[in-house]
Structures are given as C-alpha cells and as structure tokens.
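K.L.:
start-v6.cif (mmCIF, C-alpha atoms, pLDDT in the B column; chains and numbers go by the auth columns) pasted underneath:
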```
data_work
#
loop_
_atom_site.group_PDB
_atom_site.id
_atom_site.type_symbol
_atom_site.label_atom_id
_atom_site.label_comp_id
_atom_site.label_asym_id
_atom_site.label_seq_id
_atom_site.Cartn_x
_atom_site.Cartn_y
_atom_site.Cartn_z
_atom_site.B_iso_or_equiv
_atom_site.auth_seq_id
_atom_site.auth_asym_id
ATOM 1 C CA MET A 1 23.588 -8.659 -3.085 80.00 1 I
ATOM 2 C CA SER A 2 20.449 -6.907 -4.294 87.00 2 I
ATOM 3 C CA LYS A 3 20.174 -5.668 -7.826 92.00 3 I
ATOM 4 C CA ILE A 4 18.545 -2.288 -8.486 89.00 4 I
ATOM 5 C CA MET A 5 16.146 -2.204 -11.412 90.00 5 I
ATOM 6 C CA HIS A 6 14.521 0.684 -13.236 90.00 6 I
ATOM 7 C CA ALA A 7 10.763 0.280 -13.717 90.00 7 I
ATOM 8 C CA GLN A 8 8.142 2.373 -15.460 91.00 8 I
ATOM 9 C CA MET A 9 4.369 2.295 -15.384 91.00 9 I
ATOM 10 C CA VAL A 10 1.324 4.068 -16.702 92.00 10 I
ATOM 11 C CA ILE A 11 -0.965 5.579 -14.058 92.00 11 I
ATOM 12 C CA MET A 12 -3.961 7.879 -14.215 93.00 12 I
ATOM 13 C CA GLU A 13 -3.100 11.437 -13.208 94.00 13 I
ATOM 14 C CA ASP A 14 -5.860 11.491 -10.561 94.00 14 I
ATOM 15 C CA ASP A 15 -4.591 8.233 -9.041 94.00 15 I
ATOM 16 C CA LEU A 16 -1.042 9.571 -8.855 96.00 16 I
ATOM 17 C CA LYS A 17 -2.249 12.774 -7.216 96.00 17 I
ATOM 18 C CA ALA A 18 -4.249 10.754 -4.667 96.00 18 I
ATOM 19 C CA LEU A 19 -1.250 8.493 -3.996 96.00 19 I
ATOM 20 C CA LYS A 20 0.995 11.490 -3.359 97.00 20 I
ATOM 21 C CA GLU A 21 -1.557 12.989 -0.967 97.00 21 I
ATOM 22 C CA LYS A 22 -2.132 9.732 0.902 96.00 22 I
ATOM 23 C CA SER A 23 1.578 8.895 1.149 96.00 23 I
ATOM 24 C CA GLY A 24 2.539 12.437 2.134 97.00 24 I
ATOM 25 C CA GLU A 25 5.190 12.519 -0.583 97.00 25 I
ATOM 26 C CA LYS A 26 5.630 15.399 -3.011 96.00 26 I
ATOM 27 C CA ASN A 27 7.339 13.576 -5.863 96.00 27 I
ATOM 28 C CA THR A 28 6.243 10.571 -7.895 96.00 28 I
ATOM 29 C CA LYS A 29 9.317 8.419 -7.232 94.00 29 I
ATOM 30 C CA ASP A 30 8.993 8.637 -3.451 96.00 30 I
ATOM 31 C CA ALA A 31 5.212 8.128 -3.484 97.00 31 I
ATOM 32 C CA LEU A 32 5.528 4.990 -5.622 96.00 32 I
ATOM 33 C CA ALA A 33 8.442 3.664 -3.535 95.00 33 I
ATOM 34 C CA LYS A 34 6.425 4.135 -0.362 96.00 34 I
ATOM 35 C CA ALA A 35 3.389 2.395 -1.891 95.00 35 I
ATOM 36 C CA VAL A 36 5.450 -0.592 -3.077 94.00 36 I
ATOM 37 C CA SER A 37 7.178 -0.890 0.282 94.00 37 I
ATOM 38 C CA HIS A 38 3.849 -0.812 2.092 92.00 38 I
ATOM 39 C CA TYR A 39 2.362 -3.412 -0.247 89.00 39 I
ATOM 40 C CA LEU A 40 5.254 -5.798 0.332 90.00 40 I
ATOM 41 C CA GLU A 41 5.136 -5.385 4.125 89.00 41 I
ATOM 42 C CA CYS A 42 1.357 -5.245 4.662 85.00 42 I
ATOM 43 C CA GLU A 43 -0.102 -8.358 6.271 76.00 43 I
ATOM 44 C CA TYR A 44 -3.282 -8.049 4.226 73.00 44 I
ATOM 45 C CA THR A 45 -1.651 -8.324 0.799 73.00 45 I
ATOM 46 C CA GLN A 46 -0.599 -11.908 1.507 72.00 46 I
ATOM 47 C CA SER A 47 -4.143 -12.987 2.368 68.00 47 I
ATOM 48 C CA THR A 48 -6.390 -14.587 -0.241 71.00 48 I
ATOM 49 C CA ASP A 49 -9.373 -12.762 1.248 76.00 49 I
ATOM 50 C CA MET A 50 -8.036 -9.418 2.448 69.00 50 I
ATOM 51 C CA TRP A 51 -11.443 -7.993 3.374 76.00 51 I
ATOM 52 C CA ALA A 52 -12.397 -10.984 5.516 78.00 52 I
ATOM 53 C CA LYS A 53 -9.111 -10.713 7.408 75.00 53 I
ATOM 54 C CA LYS A 54 -9.590 -6.967 7.960 76.00 54 I
ATOM 55 C CA LEU A 55 -13.164 -7.512 9.170 83.00 55 I
ATOM 56 C CA GLU A 56 -12.053 -10.274 11.539 83.00 56 I
ATOM 57 C CA LYS A 57 -9.377 -8.012 13.029 81.00 57 I
ATOM 58 C CA ALA A 58 -11.864 -5.142 13.420 83.00 58 I
ATOM 59 C CA MET A 59 -14.369 -7.443 15.146 86.00 59 I
ATOM 60 C CA LYS A 60 -11.712 -8.695 17.591 84.00 60 I
ATOM 61 C CA LYS A 61 -10.750 -5.109 18.381 81.00 61 I
ATOM 62 C CA LYS A 62 -14.402 -4.160 18.918 80.00 62 I
ATOM 63 C CA HIS A 63 -14.960 -7.068 21.322 80.00 63 I
ATOM 64 C CA LYS A 64 -11.925 -6.026 23.404 77.00 64 I
ATOM 65 C CA GLU A 65 -13.402 -2.551 23.985 70.00 65 I
#
```
Using the file provided, produce a representation of the structure as structure tokens.

P.N.:
Amino acid sequence: MSKIMHAQMVIMEDDLKALKEKSGEKNTKDALAKAVSHYLECEYTQSTDMWAKKLEKAMKKKHKE
C-alpha cells in the first residue's frame, strides 16, 4: 500500500510560472505533480548522460528520414 506524503519546496516565481505554462496546468499542485510524474517516467532521467542519449536518438531519427 502506498503512503501519501506532504512535501513543500521553494521555487522561483518565474520558474513556477514557466512550469505552469509548459505543463498546461493552472494551479501549482497540479503543475508540480505533472512535472514529478514526467521526471519519474522519462527515459532520459535515468541516463547518466541525458544529452548524449537525446542526441543519439535524434541522429537515429534523422537517418531514418
């Protein structure tokens, strides 16, 4: 059974505004929940060299075209 925890953080106002815009969410709680969920599911966050993995994927895509 999962346990629900309450968490708080400090974030710059501009960063929060940008996160809300990028996530498409109007309130802070939903924008942060969406960002955390994406981070945990994203294949790039598990990589030690995220940018190299992204570049490799982009190059493979380019060669297929």

K.L.:
Report, in Å to a single decimal, how far apart CA of Trp51 in chain I and CA of Lys17 in chain I are.

P.N.:
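Between these atoms lies a distance of 25.1 Å.
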
K.L.:
Please evaluate the PyMOL selection byres ((chain I and resi 29-45) around 12) against the structure above and give the resulting residues as a ChimeraX atom specification.

P.N.:
/I:6-11,15-28,46-57

K.L.:
Grab all the atoms of range 49-62 of chain I that the file lists, wrap them in a box along x, y and z, add 3 Å per side, and give me centre plus edge lengths in Å (one decimal) as JSON.

P.N.:
```
{"center_x": -11.2, "center_y": -8.5, "center_z": 10.1, "size_x": 12.4, "size_y": 14.6, "size_z": 23.7}
```
